[in-house]
Number of protein chains: 2
Amino acid sequence: MKDMTNLDAFEVGYDIPAKPGMDEADIQTPCLVLDLDALERNIKKMGDYAKDHGMRHRTHGKMHKSVDVQKLQEELGGACGVCCQKVSEAEVFARGGIKDILVSNQVRDAAKIDRLARLPKLGARAICCVDDIDNVADLSAAARTHGTQIECLVEIDCGAGRCGVSSTRDVVEIAKAIDAAEGLKFAGVQAYQGAMQHLDDYNERKAKIDVAVAMVRDAVDTLKTEGLECDIVGGGGTGSYYFESNSGVYNELQCGSYAFMDADYGRILDKDGKRIDAGEWENALFILTTVMSHSKADKAIVDAGLKTQSVDSGLPFIYGRDDVEYLKCSDEHGVVADPGGALKVNDKLRLVPGHCDPTCNVHDWYVGVRGGKVETLWPVSARGKAY
Amino acid sequence: MKDMTNLDAFEVGYDIPAKPGMDEADIQTPCLVLDLDALERNIKKMGDYAKDHGMRHRTHGKMHKSVDVQKLQEELGGACGVCCQKVSEAEVFARGGIKDILVSNQVRDAAKIDRLARLPKLGARAICCVDDIDNVADLSAAARTHGTQIECLVEIDCGAGRCGVSSTRDVVEIAKAIDAAEGLKFAGVQAYQGAMQHLDDYNERKAKIDVAVAMVRDAVDTLKTEGLECDIVGGGGTGSYYFESNSGVYNELQCGSYAFMDADYGRILDKDGKRIDAGEWENALFILTTVMSHSKADKAIVDAGLKTQSVDSGLPFIYGRDDVEYLKCSDEHGVVADPGGALKVNDKLRLVPGHCDPTCNVHDWYVGVRGGKVETLWPVSARGKAY
């Protein structure tokens, strides 16, 4: 049993999983843990890369949903602002003091448009994406109602197959409508190739981005001939940022996962055929979990199941251990193969989640640790902000 | 665009997705919607079944995590109490006024055991499971510290392969230790066969439960010869409750998903080979989602992706429509095949999630609707309570 003399251990677990100053061993599980040293190194490294390549970096806040992580990315990594996917997330970042906010998504519902138009009143630059000319009048009306300005990027579908237009003609048509609309400002193009980020092979990823770059270059050049300059040519993720950075046409990166890493991204290979979590980026995010049953000699049951992670991109792996393996999970349990009987009840393990974004979204807190001690607690500020 | 004269539509979407009295069309999406008529019919039906078969029904609150749904299950469905999987969930139910609470899981961490022992001070009967004789002394010490009683069920692994002991000998040994421990009361056995609930074929499910029933009967009979009566012989889920109810040995059901239904459970077949969502249970839970982009003629993009649902058991299906199909999802988007171009931007769809439990856990609210109007908002009271 845990040391019963440490009263701190009995004060946490209600609404917080830990308290600053506490030993890592006393954290209540399951919860998210951030290795602050690794996180800071990742953030600094990407910031330096962007700076060295003349790129702005608009870090993707949809991944961490944390004002504190975003501020670290701006202060330590030189990020120019945040991207997020929902107006309700944008509000959280604006209220948290983030000044430059791109909703890298379509905003179509009247109430959401109204809220987007109010964002500048919270002190933030408000940018959104547009892929339908019918959206322009609605955005303009809301901006006029509130006496604000919404900056608009035309979204190009450069291979992800979701939102976005597919031809330069459509880009130009929408850009002109934005440019002509009161309360709106044409600000450039959004061209994130999301579908290729997780292809293992570097050259396969490069081939997809080559297509995207060609589409974007054609659009940007044509816009220029029409007198429309792109302040922002945005895109690029953790699996592709070097391609966009060297494209000569993109000027803003939108990486998110590089800061935390996860099992699915970690598997992709760099140009030398090496996993990106084996040198390029460090695992900084973990689900801390505890063994709660070991009634079978070769299996340990841990307390992190489906409600503490998303398994859409595969199961987590157990960090720093090759003697045990996370085999499967149900709502509240994980089954861990323990062939050598290495684990006992109340042992803790660090899991690297399969997919960081939807995993962070089910937690209320990040527990920041350094040197075996809890240094800080950061709320997952925009957790559940899906509107 | 939505009717801009309905101010209610602009007041929601911050921390609540809807307001009582509002039209269903004005709900902010994505969010969870409950069809209250269907929910009440499901609850009444299962309650009547249990009563007619002389069974208590301890409804599984880990599914809905809602004090309001639990109260409806007790009032309308005659449920005897709640099961849940975490001490932090149990606290939410106890504070919400639920009087009879089983943590149908192992509680091993010292802080969690301490909290479990304090549960009776909130006015609730506290029951937990035990699968390791080493746990008994810790539970007993905490109950003595707080001057309370913890009732204990010995958990039998009757096929799920997670927690639980596998032999009658182990059951009896642990039961005797519980019976002898100050502050504890031996209350029976927990034997939930979770692994078979989702087998499509009725007879395959029956074969698995026949094995479970034989194990449980042997344990219960042997305990009796040792002078240990089982107040509770608990188990049974939405895919098996009729087997346990007719076993002659179980006396408490623990169904959860029957109340809401989901796509994965809906697919399993009853004894006549009919899907259980085609007569046995109604879909009462939906993710309401809105079309936010339709830049490709044959595809609509909706606003419900991985952060509004768990896809561990497959994708959602679109309720009441066979002309459109939810094809894939990413963090914030769902791609819907719309070959006939039936959908337009801002159209709403009802999705039946693949797996209700981890889907409910990512939302803050249930929007209860009846006759096209929002009747009530219920918090997902134990959302995120994973400790």
# chains A, B, ... in the order shown; residues from 1 in each chain; ligands from 1

call {"tool": "residues_around", "arguments": {"residues": "Tyr202 of chain B", "least_positions_apart": "6", "cutoff": "10 Å", "atoms": "only C-alpha atoms", "output": "list in words"}}
result
Gly239, Ser240, Ile268, Leu269, Asp270, Lys271, Asp272, Gly273 and Lys274 of chain B

call {"tool": "write_last_selection", "arguments": {"atoms": "C-alpha atoms", "output": "mmCIF file, in the first residue's frame"}}
result
data_model
loop_
_atom_site.group_PDB
_atom_site.id
_atom_site.type_symbol
_atom_site.label_atom_id
_atom_site.label_comp_id
_atom_site.auth_asym_id
_atom_site.auth_seq_id
_atom_site.Cartn_x
_atom_site.Cartn_y
_atom_site.Cartn_z
ATOM 1 C CA GLY B 239 -26.701 -9.227 -24.842
ATOM 2 C CA SER B 240 -27.326 -11.864 -22.178
ATOM 3 C CA ILE B 268 -26.430 -8.591 -32.407
ATOM 4 C CA LEU B 269 -29.272 -10.998 -33.108
ATOM 5 C CA ASP B 270 -32.060 -12.242 -30.885
ATOM 6 C CA LYS B 271 -33.176 -15.876 -30.775
ATOM 7 C CA ASP B 272 -35.216 -15.377 -33.949
ATOM 8 C CA GLY B 273 -32.207 -13.979 -35.823
ATOM 9 C CA LYS B 274 -33.517 -10.417 -35.687
#

call {"tool": "select_by_dssp", "arguments": {"residues": "segment 152-359 of chain A", "states": "helix (DSSP H, G or I)", "output": "ChimeraX atom specification"}}
result
/A:168-180,202-225,241-245,257-259,263-266,276-278,306-308,356-359

call {"tool": "interface_residues", "arguments": {"of": "chain B", "to": "chain A", "cutoff": "7 Å", "atoms": "only C-alpha atoms", "output": "ChimeraX atom specification"}}
result
/B:1-2,9-10,13-14,28-30,88,106,108-111,131-132,162-165,292-293,295,301,306-307,310-312,331,335,346,358,361-363,384,386-387

call {"tool": "write_last_selection", "arguments": {"atoms": "N, CA, C and O atoms", "output": "short mmCIF file (atom, residue, chain, number, x, y, z; two decimals), in the first residue's frame"}}
result
data_model
loop_
_atom_site.label_atom_id
_atom_site.label_comp_id
_atom_site.auth_asym_id
_atom_site.auth_seq_id
_atom_site.Cartn_x
_atom_site.Cartn_y
_atom_site.Cartn_z
N MET B 1 -29.64 30.28 -43.83
CA MET B 1 -29.21 30.57 -42.45
C MET B 1 -30.38 30.39 -41.48
O MET B 1 -31.53 30.61 -41.82
N LYS B 2 -30.01 30.01 -40.29
CA LYS B 2 -30.96 29.86 -39.20
C LYS B 2 -31.72 31.18 -38.96
O LYS B 2 -31.21 32.25 -39.24
N ALA B 9 -31.01 30.68 -29.78
CA ALA B 9 -29.97 29.97 -30.54
C ALA B 9 -28.61 30.61 -30.33
O ALA B 9 -27.58 29.99 -30.57
N PHE B 10 -28.59 31.85 -29.89
CA PHE B 10 -27.32 32.54 -29.69
C PHE B 10 -26.86 32.49 -28.24
O PHE B 10 -25.78 32.92 -27.92
N GLY B 13 -24.49 26.93 -26.78
CA GLY B 13 -23.26 26.62 -27.51
C GLY B 13 -22.01 27.03 -26.76
O GLY B 13 -20.91 26.70 -27.15
N TYR B 14 -22.17 27.79 -25.69
CA TYR B 14 -21.00 28.12 -24.87
C TYR B 14 -20.77 26.95 -23.92
O TYR B 14 -19.92 26.11 -24.17
N GLN B 28 -27.36 23.39 -30.72
CA GLN B 28 -25.99 23.53 -31.23
C GLN B 28 -25.33 22.15 -31.32
O GLN B 28 -25.39 21.37 -30.36
N THR B 29 -24.70 21.90 -32.43
CA THR B 29 -24.07 20.59 -32.64
C THR B 29 -22.55 20.74 -32.70
O THR B 29 -22.06 21.84 -32.93
N PRO B 30 -21.83 19.61 -32.54
CA PRO B 30 -22.33 18.26 -32.25
C PRO B 30 -22.67 18.10 -30.77
O PRO B 30 -22.01 18.67 -29.91
N SER B 88 -14.57 7.30 -8.21
CA SER B 88 -14.96 8.69 -8.49
C SER B 88 -16.36 8.77 -9.10
O SER B 88 -17.08 9.74 -8.87
N GLN B 106 -12.26 -3.82 -9.19
CA GLN B 106 -11.28 -3.90 -8.11
C GLN B 106 -10.89 -2.49 -7.66
O GLN B 106 -10.75 -1.60 -8.49
N ARG B 108 -7.80 -0.91 -5.56
CA ARG B 108 -6.53 -1.34 -4.99
C ARG B 108 -5.65 -0.21 -4.45
O ARG B 108 -4.88 -0.40 -3.51
N ASP B 109 -5.73 0.94 -5.07
CA ASP B 109 -4.90 2.07 -4.64
C ASP B 109 -5.37 2.57 -3.27
O ASP B 109 -6.58 2.66 -3.01
N ALA B 110 -4.43 2.94 -2.42
CA ALA B 110 -4.76 3.32 -1.05
C ALA B 110 -5.72 4.51 -0.98
O ALA B 110 -6.67 4.51 -0.19
N ALA B 111 -5.50 5.52 -1.81
CA ALA B 111 -6.37 6.70 -1.78
C ALA B 111 -7.78 6.34 -2.25
O ALA B 111 -8.78 6.83 -1.71
N ASP B 131 -10.72 -9.67 -6.05
CA ASP B 131 -10.22 -10.87 -6.73
C ASP B 131 -8.84 -11.28 -6.21
O ASP B 131 -8.15 -12.08 -6.86
N ASP B 132 -8.45 -10.72 -5.06
CA ASP B 132 -7.11 -10.99 -4.53
C ASP B 132 -7.19 -10.89 -3.01
O ASP B 132 -7.61 -9.86 -2.47
N ARG B 162 -10.52 -10.69 -17.78
CA ARG B 162 -9.95 -9.48 -17.17
C ARG B 162 -9.71 -9.75 -15.69
O ARG B 162 -8.90 -10.59 -15.35
N CYS B 163 -10.42 -9.02 -14.84
CA CYS B 163 -10.29 -9.25 -13.42
C CYS B 163 -11.09 -10.50 -13.03
O CYS B 163 -11.90 -11.01 -13.79
N GLY B 164 -10.85 -10.95 -11.82
CA GLY B 164 -11.65 -12.07 -11.31
C GLY B 164 -10.84 -13.36 -11.17
O GLY B 164 -9.92 -13.60 -11.94
N VAL B 165 -11.24 -14.15 -10.19
CA VAL B 165 -10.56 -15.44 -9.98
C VAL B 165 -11.24 -16.51 -10.82
O VAL B 165 -12.38 -16.35 -11.27
N MET B 292 -21.39 20.76 -42.61
CA MET B 292 -20.65 22.03 -42.58
C MET B 292 -19.90 22.30 -43.87
O MET B 292 -19.33 23.38 -44.05
N SER B 293 -19.87 21.35 -44.77
CA SER B 293 -19.22 21.57 -46.07
C SER B 293 -19.79 20.55 -47.04
O SER B 293 -20.10 19.41 -46.66
N SER B 295 -18.45 20.66 -50.52
CA SER B 295 -17.73 21.16 -51.68
C SER B 295 -17.55 20.11 -52.78
O SER B 295 -17.20 20.45 -53.90
N ILE B 301 -19.63 16.88 -45.51
CA ILE B 301 -18.76 16.82 -44.34
C ILE B 301 -19.57 17.31 -43.15
O ILE B 301 -20.14 18.41 -43.19
N LEU B 306 -13.95 12.33 -34.31
CA LEU B 306 -13.45 11.48 -33.22
C LEU B 306 -13.60 12.11 -31.85
O LEU B 306 -13.58 11.41 -30.84
N LYS B 307 -13.73 13.44 -31.80
CA LYS B 307 -13.82 14.06 -30.48
C LYS B 307 -15.24 14.11 -29.94
O LYS B 307 -15.46 14.60 -28.83
N SER B 310 -16.56 7.62 -29.73
CA SER B 310 -15.50 6.60 -29.76
C SER B 310 -15.83 5.65 -30.90
O SER B 310 -16.96 5.18 -31.02
N VAL B 311 -14.84 5.36 -31.73
CA VAL B 311 -15.08 4.47 -32.87
C VAL B 311 -14.42 3.10 -32.64
O VAL B 311 -14.24 2.35 -33.59
N ASP B 312 -14.11 2.79 -31.39
CA ASP B 312 -13.49 1.50 -31.07
C ASP B 312 -14.29 0.32 -31.57
O ASP B 312 -13.74 -0.72 -31.89
N ASP B 331 -10.51 13.88 -36.63
CA ASP B 331 -10.74 14.45 -35.31
C ASP B 331 -12.06 15.23 -35.20
O ASP B 331 -12.82 15.03 -34.28
N VAL B 335 -17.07 12.18 -42.78
CA VAL B 335 -17.33 12.21 -44.23
C VAL B 335 -18.57 11.35 -44.49
O VAL B 335 -18.60 10.18 -44.13
N ASN B 346 -25.76 22.92 -43.34
CA ASN B 346 -26.59 23.19 -42.17
C ASN B 346 -27.74 22.19 -41.97
O ASN B 346 -28.49 22.32 -40.99
N PRO B 358 -18.11 4.89 -24.13
CA PRO B 358 -17.04 5.89 -24.27
C PRO B 358 -17.46 7.11 -25.09
O PRO B 358 -16.78 8.14 -25.02
N ASN B 361 -19.00 9.56 -22.57
CA ASN B 361 -17.95 10.09 -21.70
C ASN B 361 -17.21 11.30 -22.27
O ASN B 361 -16.46 11.95 -21.55
N VAL B 362 -17.38 11.61 -23.55
CA VAL B 362 -16.71 12.80 -24.09
C VAL B 362 -17.65 14.01 -24.15
O VAL B 362 -17.26 15.07 -24.65
N HIS B 363 -18.87 13.85 -23.66
CA HIS B 363 -19.83 14.96 -23.72
C HIS B 363 -20.17 15.45 -22.32
O HIS B 363 -20.09 14.70 -21.34
N GLY B 384 -15.73 11.91 -17.40
CA GLY B 384 -14.31 12.07 -17.09
C GLY B 384 -13.89 11.54 -15.73
O GLY B 384 -12.72 11.64 -15.38
N ALA B 386 -12.56 9.12 -14.00
CA ALA B 386 -11.85 7.90 -14.34
C ALA B 386 -11.02 7.37 -13.16
O ALA B 386 -10.45 6.29 -13.24
N TYR B 387 -10.93 8.16 -12.09
CA TYR B 387 -10.07 7.74 -10.96
C TYR B 387 -10.71 6.64 -10.14
O TYR B 387 -11.90 6.61 -9.97
#

call {"tool": "closest_residue", "arguments": {"among": "A:Ala181, A:Asn42, A:Ala342, A:Ser247", "to": "Ile276 of chain A", "atoms": "only C-alpha atoms"}}
result
A:Asn42

call {"tool": "residues_around", "arguments": {"residues": "Arg118 of chain A", "least_positions_apart": "3", "cutoff": "9 Å", "atoms": "only C-alpha atoms", "output": "PDB file with N, CA and C atoms, in the first residue's frame"}}
result
ATOM      1  N   ILE A 113     -21.229  31.528 -36.489  1.00  0.00           N
ATOM      2  CA  ILE A 113     -20.711  32.686 -37.236  1.00  0.00           C
ATOM      3  C   ILE A 113     -20.786  33.936 -36.368  1.00  0.00           C
ATOM      4  N   ASP A 114     -21.894  34.073 -35.664  1.00  0.00           N
ATOM      5  CA  ASP A 114     -22.062  35.234 -34.788  1.00  0.00           C
ATOM      6  C   ASP A 114     -20.964  35.273 -33.721  1.00  0.00           C
ATOM      7  N   ARG A 115     -20.667  34.121 -33.156  1.00  0.00           N
ATOM      8  CA  ARG A 115     -19.633  34.052 -32.119  1.00  0.00           C
ATOM      9  C   ARG A 115     -18.243  34.324 -32.705  1.00  0.00           C
ATOM     10  N   LYS A 121     -13.566  41.123 -30.287  1.00  0.00           N
ATOM     11  CA  LYS A 121     -13.878  41.887 -29.075  1.00  0.00           C
ATOM     12  C   LYS A 121     -13.189  41.301 -27.854  1.00  0.00           C
ATOM     13  N   LEU A 122     -12.733  40.048 -27.970  1.00  0.00           N
ATOM     14  CA  LEU A 122     -11.945  39.437 -26.895  1.00  0.00           C
ATOM     15  C   LEU A 122     -10.456  39.728 -27.081  1.00  0.00           C
ATOM     16  N   ALA A 126      -9.200  37.258 -35.711  1.00  0.00           N
ATOM     17  CA  ALA A 126     -10.056  36.109 -36.014  1.00  0.00           C
ATOM     18  C   ALA A 126      -9.953  35.765 -37.492  1.00  0.00           C
ATOM     19  N   ALA A 142     -22.344  39.102 -40.259  1.00  0.00           N
ATOM     20  CA  ALA A 142     -22.038  39.012 -38.824  1.00  0.00           C
ATOM     21  C   ALA A 142     -20.940  40.002 -38.432  1.00  0.00           C
ATOM     22  N   ALA A 143     -19.919  40.122 -39.260  1.00  0.00           N
ATOM     23  CA  ALA A 143     -18.833  41.065 -38.964  1.00  0.00           C
ATOM     24  C   ALA A 143     -19.379  42.495 -38.938  1.00  0.00           C
ATOM     25  N   HIS A 146     -21.347  43.239 -35.749  1.00  0.00           N
ATOM     26  CA  HIS A 146     -20.537  43.449 -34.546  1.00  0.00           C
ATOM     27  C   HIS A 146     -19.446  44.500 -34.742  1.00  0.00           C
ATOM     28  N   GLY A 147     -19.362  45.066 -35.928  1.00  0.00           N
ATOM     29  CA  GLY A 147     -18.344  46.085 -36.171  1.00  0.00           C
ATOM     30  C   GLY A 147     -16.933  45.533 -36.071  1.00  0.00           C
ATOM     31  N   THR A 148     -16.772  44.277 -36.468  1.00  0.00           N
ATOM     32  CA  THR A 148     -15.458  43.629 -36.368  1.00  0.00           C
ATOM     33  C   THR A 148     -15.000  43.208 -37.764  1.00  0.00           C
TER      34      THR A 148
END

call {"tool": "select_by_dssp", "arguments": {"residues": "segment 96-232 of chain A", "states": "strand (DSSP E or B)", "output": "list in words"}}
result
Asp100, Ile101, Leu102, Val103, Ser104, Asn105, Gln106, Arg125, Ala126, Ile127, Cys128, Cys129, Val130, Ile150, Glu151, Cys152, Leu153, Val154, Glu155, Ile156, Val165, Leu184, Lys185, Phe186, Ala187, Gly188, Val189, Gln190 and Ile232 of chain A
